[in-house]
Structure formats: structure tokens, C-alpha cells
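Q: Provided below: protein36.pdb, containing PDB, C-alpha atoms.
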ATOM      1  CA  GLY A   1     -10.446 -24.266   2.465  1.00  0.00           C
ATOM      2  CA  ASN A   2     -10.675 -23.034  -1.108  1.00  0.00           C
ATOM      3  CA  SER A   3      -7.734 -21.354  -2.804  1.00  0.00           C
ATOM      4  CA  VAL A   4      -6.447 -20.304  -6.196  1.00  0.00           C
ATOM      5  CA  THR A   5      -2.801 -20.081  -7.166  1.00  0.00           C
ATOM      6  CA  GLN A   6      -1.732 -18.311 -10.307  1.00  0.00           C
ATOM      7  CA  MET A   7       1.659 -17.541 -11.707  1.00  0.00           C
ATOM      8  CA  GLU A   8       3.416 -14.503 -10.370  1.00  0.00           C
ATOM      9  CA  GLY A   9       3.784 -11.515 -12.614  1.00  0.00           C
ATOM     10  CA  PRO A  10       4.508  -9.245 -14.113  1.00  0.00           C
ATOM     11  CA  VAL A  11       4.622 -10.885 -17.508  1.00  0.00           C
ATOM     12  CA  THR A  12       6.007  -8.864 -20.397  1.00  0.00           C
ATOM     13  CA  LEU A  13       5.518 -10.083 -23.962  1.00  0.00           C
ATOM     14  CA  SER A  14       6.024  -8.730 -27.428  1.00  0.00           C
ATOM     15  CA  GLU A  15       3.007  -8.258 -29.646  1.00  0.00           C
ATOM     16  CA  GLU A  16       1.881 -11.490 -31.358  1.00  0.00           C
ATOM     17  CA  ALA A  17       3.647 -13.659 -28.788  1.00  0.00           C
ATOM     18  CA  PHE A  18       1.935 -16.685 -27.237  1.00  0.00           C
ATOM     19  CA  LEU A  19       0.535 -16.222 -23.748  1.00  0.00           C
ATOM     20  CA  THR A  20       0.065 -18.746 -20.973  1.00  0.00           C
ATOM     21  CA  ILE A  21      -0.934 -17.808 -17.440  1.00  0.00           C
ATOM     22  CA  ASN A  22      -1.041 -20.822 -15.159  1.00  0.00           C
ATOM     23  CA  CYS A  23      -3.807 -21.276 -12.604  1.00  0.00           C
ATOM     24  CA  THR A  24      -4.408 -24.147 -10.196  1.00  0.00           C
ATOM     25  CA  TYR A  25      -6.994 -24.466  -7.485  1.00  0.00           C
ATOM     26  CA  THR A  26      -8.033 -26.381  -4.401  1.00  0.00           C
ATOM     27  CA  ALA A  27     -11.714 -26.600  -3.547  1.00  0.00           C
ATOM     28  CA  THR A  28     -13.961 -28.413  -1.100  1.00  0.00           C
ATOM     29  CA  GLY A  29     -16.617 -28.968  -3.745  1.00  0.00           C
ATOM     30  CA  TYR A  30     -17.062 -28.865  -7.506  1.00  0.00           C
ATOM     31  CA  PRO A  31     -16.409 -25.254  -8.472  1.00  0.00           C
ATOM     32  CA  SER A  32     -17.068 -23.191 -11.544  1.00  0.00           C
ATOM     33  CA  LEU A  33     -13.905 -21.525 -12.821  1.00  0.00           C
ATOM     34  CA  PHE A  34     -13.424 -18.032 -14.169  1.00  0.00           C
ATOM     35  CA  TRP A  35     -10.890 -15.652 -15.590  1.00  0.00           C
ATOM     36  CA  TYR A  36     -11.503 -11.984 -14.884  1.00  0.00           C
ATOM     37  CA  VAL A  37      -9.571  -9.116 -16.456  1.00  0.00           C
ATOM     38  CA  GLN A  38      -8.942  -5.667 -15.050  1.00  0.00           C
ATOM     39  CA  TYR A  39      -7.855  -2.994 -17.502  1.00  0.00           C
ATOM     40  CA  PRO A  40      -6.097   0.073 -16.076  1.00  0.00           C
ATOM     41  CA  GLY A  41      -8.494   2.249 -14.131  1.00  0.00           C
ATOM     42  CA  GLU A  42     -11.437  -0.098 -14.621  1.00  0.00           C
ATOM     43  CA  GLY A  43     -13.292  -2.773 -12.668  1.00  0.00           C
ATOM     44  CA  LEU A  44     -13.181  -6.531 -12.941  1.00  0.00           C
ATOM     45  CA  GLN A  45     -14.661  -7.888 -16.164  1.00  0.00           C
ATOM     46  CA  LEU A  46     -15.509 -11.502 -16.791  1.00  0.00           C
ATOM     47  CA  LEU A  47     -13.261 -12.798 -19.559  1.00  0.00           C
ATOM     48  CA  LEU A  48     -14.358 -16.435 -19.744  1.00  0.00           C
ATOM     49  CA  LYS A  49     -15.722 -19.243 -17.623  1.00  0.00           C
ATOM     50  CA  ALA A  50     -16.175 -22.998 -17.430  1.00  0.00           C
ATOM     51  CA  THR A  51     -18.658 -24.752 -15.182  1.00  0.00           C
ATOM     52  CA  LYS A  52     -17.669 -28.409 -15.463  1.00  0.00           C
ATOM     53  CA  ALA A  53     -14.722 -30.663 -16.195  1.00  0.00           C
ATOM     54  CA  ASP A  54     -13.348 -30.578 -19.755  1.00  0.00           C
ATOM     55  CA  ASP A  55     -15.363 -27.451 -20.604  1.00  0.00           C
ATOM     56  CA  LYS A  56     -13.411 -24.889 -22.580  1.00  0.00           C
ATOM     57  CA  GLY A  57     -14.175 -21.225 -22.021  1.00  0.00           C
ATOM     58  CA  SER A  58     -13.214 -18.806 -24.759  1.00  0.00           C
ATOM     59  CA  ASN A  59     -13.533 -15.106 -25.507  1.00  0.00           C
ATOM     60  CA  LYS A  60     -11.580 -12.500 -27.492  1.00  0.00           C
ATOM     61  CA  GLY A  61      -9.037 -15.130 -28.563  1.00  0.00           C
ATOM     62  CA  PHE A  62      -8.404 -16.277 -24.989  1.00  0.00           C
ATOM     63  CA  GLU A  63      -9.068 -19.890 -23.989  1.00  0.00           C
ATOM     64  CA  ALA A  64      -8.955 -21.966 -20.833  1.00  0.00           C
ATOM     65  CA  THR A  65      -9.911 -25.595 -20.256  1.00  0.00           C
ATOM     66  CA  TYR A  66     -11.264 -26.929 -16.953  1.00  0.00           C
ATOM     67  CA  ARG A  67      -8.944 -29.815 -16.023  1.00  0.00           C
ATOM     68  CA  LYS A  68     -10.339 -31.615 -12.999  1.00  0.00           C
ATOM     69  CA  GLU A  69      -7.579 -34.211 -12.922  1.00  0.00           C
ATOM     70  CA  THR A  70      -4.884 -31.558 -12.563  1.00  0.00           C
ATOM     71  CA  THR A  71      -7.141 -28.979 -10.833  1.00  0.00           C
ATOM     72  CA  SER A  72      -6.035 -26.394 -13.366  1.00  0.00           C
ATOM     73  CA  PHE A  73      -7.537 -23.695 -15.567  1.00  0.00           C
ATOM     74  CA  HIS A  74      -4.645 -22.190 -17.512  1.00  0.00           C
ATOM     75  CA  LEU A  75      -5.300 -19.129 -19.652  1.00  0.00           C
ATOM     76  CA  GLU A  76      -3.875 -19.064 -23.190  1.00  0.00           C
ATOM     77  CA  LYS A  77      -3.883 -16.792 -26.179  1.00  0.00           C
ATOM     78  CA  GLY A  78      -2.116 -17.481 -29.421  1.00  0.00           C
ATOM     79  CA  SER A  79      -1.190 -13.926 -30.363  1.00  0.00           C
ATOM     80  CA  VAL A  80      -1.385 -11.113 -27.830  1.00  0.00           C
ATOM     81  CA  GLN A  81      -2.000  -7.488 -28.668  1.00  0.00           C
ATOM     82  CA  VAL A  82      -1.005  -4.286 -26.884  1.00  0.00           C
ATOM     83  CA  SER A  83      -4.658  -3.860 -25.939  1.00  0.00           C
ATOM     84  CA  ASP A  84      -4.458  -7.093 -23.889  1.00  0.00           C
ATOM     85  CA  SER A  85      -2.262  -5.347 -21.322  1.00  0.00           C
ATOM     86  CA  ALA A  86      -4.143  -5.743 -18.053  1.00  0.00           C
ATOM     87  CA  VAL A  87      -4.238  -7.708 -14.820  1.00  0.00           C
ATOM     88  CA  TYR A  88      -5.740 -11.198 -15.123  1.00  0.00           C
ATOM     89  CA  PHE A  89      -7.406 -12.951 -12.191  1.00  0.00           C
ATOM     90  CA  CYS A  90      -8.240 -16.611 -11.963  1.00  0.00           C
ATOM     91  CA  ALA A  91     -11.170 -17.408  -9.663  1.00  0.00           C
ATOM     92  CA  LEU A  92     -13.358 -20.252  -8.492  1.00  0.00           C
ATOM     93  CA  LEU A  93     -17.000 -20.052  -7.536  1.00  0.00           C
ATOM     94  CA  LEU A  94     -18.711 -22.322  -5.049  1.00  0.00           C
ATOM     95  CA  TYR A  95     -22.157 -22.324  -3.544  1.00  0.00           C
ATOM     96  CA  SER A  96     -21.747 -21.252   0.061  1.00  0.00           C
ATOM     97  CA  GLY A  97     -25.302 -21.620   1.323  1.00  0.00           C
ATOM     98  CA  ALA A  98     -28.438 -19.465   1.619  1.00  0.00           C
ATOM     99  CA  GLY A  99     -28.387 -18.853  -2.117  1.00  0.00           C
ATOM    100  CA  SER A 100     -24.957 -17.241  -1.971  1.00  0.00           C
ATOM    101  CA  TYR A 101     -22.119 -17.998  -4.361  1.00  0.00           C
ATOM    102  CA  GLN A 102     -18.669 -16.958  -3.186  1.00  0.00           C
ATOM    103  CA  LEU A 103     -15.772 -16.175  -5.495  1.00  0.00           C
ATOM    104  CA  THR A 104     -12.243 -17.026  -4.402  1.00  0.00           C
ATOM    105  CA  PHE A 105      -9.577 -15.195  -6.396  1.00  0.00           C
ATOM    106  CA  GLY A 106      -5.938 -15.681  -7.198  1.00  0.00           C
ATOM    107  CA  LYS A 107      -3.510 -12.816  -6.669  1.00  0.00           C
ATOM    108  CA  GLY A 108      -3.659 -11.631 -10.255  1.00  0.00           C
ATOM    109  CA  THR A 109      -1.059 -11.588 -12.999  1.00  0.00           C
ATOM    110  CA  LYS A 110      -0.110  -8.322 -14.646  1.00  0.00           C
ATOM    111  CA  LEU A 111       0.458  -8.632 -18.371  1.00  0.00           C
ATOM    112  CA  SER A 112       2.256  -5.970 -20.366  1.00  0.00           C
ATOM    113  CA  VAL A 113       2.407  -6.306 -24.139  1.00  0.00           C
ATOM    114  CA  ILE A 114       4.957  -4.171 -25.956  1.00  0.00           C
ATOM    115  CA  PRO A 115       4.780  -3.278 -29.650  1.00  0.00           C
TER
ATOM    116  CA  GLU B   1     -25.241  -2.645 -21.526  1.00  0.00           C
ATOM    117  CA  PRO B   2     -26.233  -2.575 -17.843  1.00  0.00           C
ATOM    118  CA  GLU B   3     -23.385  -2.165 -15.407  1.00  0.00           C
ATOM    119  CA  VAL B   4     -22.609  -1.898 -11.719  1.00  0.00           C
ATOM    120  CA  THR B   5     -21.564   1.581 -10.637  1.00  0.00           C
ATOM    121  CA  GLN B   6     -19.707   2.672  -7.510  1.00  0.00           C
ATOM    122  CA  THR B   7     -19.129   6.015  -5.843  1.00  0.00           C
ATOM    123  CA  PRO B   8     -16.836   7.594  -4.991  1.00  0.00           C
ATOM    124  CA  SER B   9     -13.982   6.337  -7.089  1.00  0.00           C
ATOM    125  CA  HIS B  10     -11.505   7.415  -4.411  1.00  0.00           C
ATOM    126  CA  GLN B  11     -12.159   8.166  -0.742  1.00  0.00           C
ATOM    127  CA  VAL B  12      -9.565   9.530   1.648  1.00  0.00           C
ATOM    128  CA  THR B  13     -10.381   9.518   5.342  1.00  0.00           C
ATOM    129  CA  GLN B  14      -8.766   9.875   8.738  1.00  0.00           C
ATOM    130  CA  MET B  15      -8.338   6.856  10.973  1.00  0.00           C
ATOM    131  CA  GLY B  16     -11.346   6.439  13.243  1.00  0.00           C
ATOM    132  CA  GLN B  17     -13.782   8.120  10.864  1.00  0.00           C
ATOM    133  CA  GLU B  18     -16.842   6.451   9.403  1.00  0.00           C
ATOM    134  CA  VAL B  19     -17.057   5.903   5.667  1.00  0.00           C
ATOM    135  CA  ILE B  20     -19.895   4.775   3.437  1.00  0.00           C
ATOM    136  CA  LEU B  21     -19.131   3.263   0.072  1.00  0.00           C
ATOM    137  CA  ARG B  22     -21.983   3.236  -2.395  1.00  0.00           C
ATOM    138  CA  CYS B  23     -22.915   0.871  -5.150  1.00  0.00           C
ATOM    139  CA  VAL B  24     -25.752   0.716  -7.651  1.00  0.00           C
ATOM    140  CA  PRO B  25     -26.132  -2.911  -8.776  1.00  0.00           C
ATOM    141  CA  ILE B  26     -27.648  -3.961 -12.080  1.00  0.00           C
ATOM    142  CA  SER B  27     -31.342  -3.208 -11.821  1.00  0.00           C
ATOM    143  CA  ASN B  28     -32.890  -6.692 -12.003  1.00  0.00           C
ATOM    144  CA  HIS B  29     -30.241  -8.388  -9.869  1.00  0.00           C
ATOM    145  CA  LEU B  30     -31.089  -9.530  -6.371  1.00  0.00           C
ATOM    146  CA  TYR B  31     -27.797 -10.898  -5.044  1.00  0.00           C
ATOM    147  CA  PHE B  32     -25.164  -8.395  -3.948  1.00  0.00           C
ATOM    148  CA  TYR B  33     -21.586  -8.721  -2.827  1.00  0.00           C
ATOM    149  CA  TRP B  34     -18.658  -6.748  -1.510  1.00  0.00           C
ATOM    150  CA  TYR B  35     -15.050  -7.744  -2.085  1.00  0.00           C
ATOM    151  CA  ARG B  36     -11.854  -5.925  -1.265  1.00  0.00           C
ATOM    152  CA  GLN B  37      -8.299  -5.933  -2.573  1.00  0.00           C
ATOM    153  CA  ILE B  38      -5.464  -4.645  -0.455  1.00  0.00           C
ATOM    154  CA  LEU B  39      -2.718  -3.279  -2.690  1.00  0.00           C
ATOM    155  CA  GLY B  40      -0.636  -6.098  -4.119  1.00  0.00           C
ATOM    156  CA  GLN B  41      -2.813  -8.808  -2.623  1.00  0.00           C
ATOM    157  CA  LYS B  42      -5.661 -10.952  -3.832  1.00  0.00           C
ATOM    158  CA  VAL B  43      -9.295  -9.963  -4.107  1.00  0.00           C
ATOM    159  CA  GLU B  44     -11.091 -11.183  -0.956  1.00  0.00           C
ATOM    160  CA  PHE B  45     -14.751 -11.862  -0.306  1.00  0.00           C
ATOM    161  CA  LEU B  46     -16.344  -9.730   2.404  1.00  0.00           C
ATOM    162  CA  VAL B  47     -20.086 -10.307   2.373  1.00  0.00           C
ATOM    163  CA  SER B  48     -23.051 -11.445   0.320  1.00  0.00           C
ATOM    164  CA  PHE B  49     -26.559 -10.017   0.664  1.00  0.00           C
ATOM    165  CA  TYR B  50     -29.950 -11.261  -0.487  1.00  0.00           C
ATOM    166  CA  ASN B  51     -33.522 -10.450   0.419  1.00  0.00           C
ATOM    167  CA  ASN B  52     -32.456  -7.642   2.721  1.00  0.00           C
ATOM    168  CA  GLU B  53     -30.174  -9.730   4.847  1.00  0.00           C
ATOM    169  CA  ILE B  54     -26.636 -10.990   4.912  1.00  0.00           C
ATOM    170  CA  SER B  55     -26.297 -14.454   3.361  1.00  0.00           C
ATOM    171  CA  GLU B  56     -22.693 -14.983   4.283  1.00  0.00           C
ATOM    172  CA  LYS B  57     -19.760 -12.993   5.584  1.00  0.00           C
ATOM    173  CA  SER B  58     -16.053 -13.625   5.871  1.00  0.00           C
ATOM    174  CA  GLU B  59     -13.822 -13.283   8.919  1.00  0.00           C
ATOM    175  CA  ILE B  60     -12.777  -9.862   7.650  1.00  0.00           C
ATOM    176  CA  PHE B  61     -16.348  -8.601   7.952  1.00  0.00           C
ATOM    177  CA  ASP B  62     -16.320  -7.843  11.677  1.00  0.00           C
ATOM    178  CA  ASP B  63     -18.551  -5.573  13.764  1.00  0.00           C
ATOM    179  CA  GLN B  64     -16.989  -2.489  12.212  1.00  0.00           C
ATOM    180  CA  PHE B  65     -18.583  -3.346   8.877  1.00  0.00           C
ATOM    181  CA  SER B  66     -22.228  -3.218   7.896  1.00  0.00           C
ATOM    182  CA  VAL B  67     -24.194  -3.355   4.672  1.00  0.00           C
ATOM    183  CA  GLU B  68     -27.526  -1.919   3.760  1.00  0.00           C
ATOM    184  CA  ARG B  69     -29.911  -1.611   0.869  1.00  0.00           C
ATOM    185  CA  PRO B  70     -31.527   1.683   1.860  1.00  0.00           C
ATOM    186  CA  ASP B  71     -33.746   1.938  -1.218  1.00  0.00           C
ATOM    187  CA  GLY B  72     -34.516   0.018  -4.370  1.00  0.00           C
ATOM    188  CA  SER B  73     -31.290   0.857  -6.122  1.00  0.00           C
ATOM    189  CA  ASN B  74     -28.385   1.477  -3.751  1.00  0.00           C
ATOM    190  CA  PHE B  75     -26.282  -1.020  -1.841  1.00  0.00           C
ATOM    191  CA  THR B  76     -23.883   0.422   0.718  1.00  0.00           C
ATOM    192  CA  LEU B  77     -20.910  -0.727   2.745  1.00  0.00           C
ATOM    193  CA  LYS B  78     -20.265   1.177   5.966  1.00  0.00           C
ATOM    194  CA  ILE B  79     -17.069   1.035   7.971  1.00  0.00           C
ATOM    195  CA  ARG B  80     -17.820   2.492  11.379  1.00  0.00           C
ATOM    196  CA  SER B  81     -14.349   3.410  12.593  1.00  0.00           C
ATOM    197  CA  THR B  82     -11.721   3.045   9.911  1.00  0.00           C
ATOM    198  CA  LYS B  83      -8.293   1.603  10.580  1.00  0.00           C
ATOM    199  CA  LEU B  84      -5.124   1.974   8.540  1.00  0.00           C
ATOM    200  CA  GLU B  85      -5.435  -1.628   7.418  1.00  0.00           C
ATOM    201  CA  ASP B  86      -8.830  -0.904   5.856  1.00  0.00           C
ATOM    202  CA  SER B  87      -7.023   0.898   3.046  1.00  0.00           C
ATOM    203  CA  ALA B  88      -7.901  -1.104  -0.051  1.00  0.00           C
ATOM    204  CA  MET B  89      -9.897  -1.187  -3.253  1.00  0.00           C
ATOM    205  CA  TYR B  90     -13.483  -2.185  -2.527  1.00  0.00           C
ATOM    206  CA  PHE B  91     -15.486  -3.866  -5.260  1.00  0.00           C
ATOM    207  CA  CYS B  92     -19.227  -4.261  -5.362  1.00  0.00           C
ATOM    208  CA  ALA B  93     -20.771  -7.050  -7.430  1.00  0.00           C
ATOM    209  CA  SER B  94     -24.248  -8.281  -8.254  1.00  0.00           C
ATOM    210  CA  SER B  95     -25.754 -11.364  -9.808  1.00  0.00           C
ATOM    211  CA  GLY B  96     -29.107 -12.386 -11.235  1.00  0.00           C
ATOM    212  CA  THR B  97     -31.850 -14.619  -9.925  1.00  0.00           C
ATOM    213  CA  SER B  98     -31.870 -17.662 -12.171  1.00  0.00           C
ATOM    214  CA  GLU B  99     -29.620 -20.596 -11.399  1.00  0.00           C
ATOM    215  CA  GLY B 100     -27.275 -19.842 -14.281  1.00  0.00           C
ATOM    216  CA  MET B 101     -27.265 -16.106 -13.664  1.00  0.00           C
ATOM    217  CA  ARG B 102     -26.304 -16.527 -10.030  1.00  0.00           C
ATOM    218  CA  ASN B 103     -23.121 -18.126 -11.249  1.00  0.00           C
ATOM    219  CA  GLU B 104     -21.919 -14.920 -12.832  1.00  0.00           C
ATOM    220  CA  GLN B 105     -21.107 -11.884 -10.770  1.00  0.00           C
ATOM    221  CA  PHE B 106     -20.821  -8.483 -12.419  1.00  0.00           C
ATOM    222  CA  PHE B 107     -18.341  -6.119 -10.827  1.00  0.00           C
ATOM    223  CA  GLY B 108     -18.221  -2.386 -10.435  1.00  0.00           C
ATOM    224  CA  PRO B 109     -15.075  -0.314 -11.062  1.00  0.00           C
ATOM    225  CA  GLY B 110     -14.209  -0.178  -7.372  1.00  0.00           C
ATOM    226  CA  THR B 111     -13.689   2.493  -4.727  1.00  0.00           C
ATOM    227  CA  ARG B 112     -10.159   3.080  -3.567  1.00  0.00           C
ATOM    228  CA  LEU B 113     -10.238   3.794   0.168  1.00  0.00           C
ATOM    229  CA  THR B 114      -7.193   5.428   1.722  1.00  0.00           C
ATOM    230  CA  VAL B 115      -7.089   5.708   5.514  1.00  0.00           C
ATOM    231  CA  LEU B 116      -4.530   8.161   6.887  1.00  0.00           C
TER
END
Turn the structure described in the file into C-alpha cells.
A:
Amino acid sequence: GNSVTQMEGPVTLSEEAFLTINCTYTATGYPSLFWYVQYPGEGLQLLLKATKADDKGSNKGFEATYRKETTSFHLEKGSVQVSDSAVYFCALLLYSGAGSYQLTFGKGTKLSVIP
Amino acid sequence: EPEVTQTPSHQVTQMGQEVILRCVPISNHLYFYWYRQILGQKVEFLVSFYNNEISEKSEIFDDQFSVERPDGSNFTLKIRSTKLEDSAMYFCASSGTSEGMRNEQFFGPGTRLTVL
């Protein structure tokens, strides 16, 4: 089956520190890969995505590169801010038939950034 | 910016009661989804819906669950007889019609269901 494994949290960093959240996946096909973010009290928001190998998704200073050879999609940011405090979810998307695309999520990693 | 909305934000119910969770997808989207997240666990796919019928459902989506698009805007998830283990955050999502748009699902803020 399909699965996503991401590093356990919580992760606590000081402002301006470098962030890496590891994500690896197993999939029966060729998935698209996503990072979603959930700010306190809000829904899931798409942060970035990559649809094929070696693609780099980027948004708001966050980056992740689709590595097919290592089945990974690690999230990085060079300098985190307090406003980045949230839960981050890695996910893969595969076509599951009848026009339906199904997302498979990791467990989420809670990031807390302290001033 | 268009967004997916869900009501209520929090629902408390007694075991065995029926609940209906409501979602208003983005207006020009035609693919709809429900996911759930039990506290501390991963977000799990429940069901996808297109053209007024279920496209796919997971093992979680048993006979106690049903979905409906009762009018042109709402998309509902009904749990017929709730169990304690149905307590979770339920997320609705929708996606567009073009090939690229179907790749991106837009999520609502979720409904937290608590079964006592």
C-alpha cells in the first residue's frame, strides 16, 4: 500500500534557525508530493507541491525537492519565524480510479518557533 | 479567495446518535472528499465523490457512513449511529475539473466531532 513517514515532533527551534522536516514515502505508482500546513485553529493549507522527480516546490521560504531515488520529500527553510509555528503534513497523491485522486498523509510534525 | 467552509466547527453527541457534518466546497469544483484525523494520528481518507456518486471509499467508510450532495452547494457526511471511536476531526476537501486542478485538493477548517 501507500504510506508516508515523517519525523516525529514536536520540533522546537529558535527564530532564524534552519528547519528540516524529513519525509519519506512508499507508493504503488508515481505520486505527486505535497506539504500541507495547519496553523492553530485552522484547516489544512497547501504549502508546496512537486509532481515529478527532481521538481522543487517552494513557497514562503520553504522548499522541498522530489527525490525519486531516495523516495523522499524533505521540507527545509533557511530561517524560521515565530509565525511558522504550525503542524506540517507531508502527503502523496495518487490516482485511484474513476477520476478520484486520494491523498495519503504522514502523521504531522508540530513546529514551535520561539523568539 | 474562494475557500471550503464547514459547519459546525465542533459537534458533541451521545453514542448511538446520528450526526450530519456539512461542507460547502469551492463553487466551481466537482470532486469532493472527506478525510478524518483521530487525535494524535494521521489524516485518513474516507471517501471521494463525483457526479453524484461515490468514486472511492476506504475501509473506514462502512455502512454507518453516507455522503450526499443535497443541493448545488452543500456536501454532507452522515454518521448514522455514532461510536466513541468516531471522535475525530473531519475535513472536507474539493478539487477542480481540469487535469492539473484535480491534483490539488483544497481543505476546509474541519469539524471536531466528540462522541460521549
Q: Near chain B, which residues of chain A fall within 6 Å when you count all atoms listed in the file, and what do they look like as a count of residues only?
A: 7
Q: If we count all atoms listed in the file, what is near Leu111 of chain A at a cut-off of 6 Å, once residues fewer than 3 positions away on the same chain are taken out, given as a ChimeraX atom specification?
A: /A:10-12,85-87
Q: Can you tell me, as a ChimeraX atom specification, what residues are no more than 9 Å from Gly61 of chain A when counting all atoms listed in the file, ignoring any on the same chain fewer than 3 positions away?
A: /A:58,76-80
Q: Distance atom CA of Thr5 of chain A-atom CA of Arg36 of chain B, one decimal place?
A: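 Atom CA of Thr5 of chain A sits 17.8 Å away from atom CA of Arg36 of chain B.
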Q: Convert the output of the PyMOL selection byres ((chain A and resi 89) around 6) on the shown file into explicit residues, formatted as a PDB file with C-alpha atoms, in the coordinates of the input.
A:
ATOM      1  CA  TRP A  35     -10.890 -15.652 -15.590  1.00  0.00           C
ATOM      2  CA  TYR A  36     -11.503 -11.984 -14.884  1.00  0.00           C
ATOM      3  CA  TYR A  88      -5.740 -11.198 -15.123  1.00  0.00           C
ATOM      4  CA  CYS A  90      -8.240 -16.611 -11.963  1.00  0.00           C
ATOM      5  CA  GLY A 106      -5.938 -15.681  -7.198  1.00  0.00           C
ATOM      6  CA  GLY A 108      -3.659 -11.631 -10.255  1.00  0.00           C
TER       7      GLY A 108
END
Q: What is the distance, in Å and to one decimal place, between atom CA of Glu59 of chain B and atom CA of Thr114 of chain B?
A: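 Calculated distance between atom CA of Glu59 of chain B and atom CA of Thr114 of chain B is 21.1 Å.
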Q: Extract, using only C-alpha atoms, all DNA, RNA and protein residues at most 9 Å from Asp86 of chain B, discarding same-chain residues fewer than 3 positions from it, and format them as a list in words.
A: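 Those residues are Ile38, Ile79, Thr82, Lys83, Leu113, Thr114 and Val115 of chain B.
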Q: I want to know what sits within 9 Å of His74 of chain A, based on all atoms listed in the file, with residues of the same chain fewer than 2 positions away left out; could you give that as a PyMOL selection string?
A: chain A and resi 6+20-24+63-67+72+76+90
Q: Quote the spacing between atom CA of Ser100 of chain A and atom CA of Val37 of chain A in Å to one decimal place.
A: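 We find that atom CA of Ser100 of chain A and atom CA of Val37 of chain A lie 22.6 Å from each other.
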Q: Could you list, as a VMD selection string, every residue matched by the PyMOL selection byres ((chain A and resi 92) around 9) in this structure?
A: chain A and resid 2 to 4 25 27 31 to 35 90 to 91 93 to 94 102 to 106
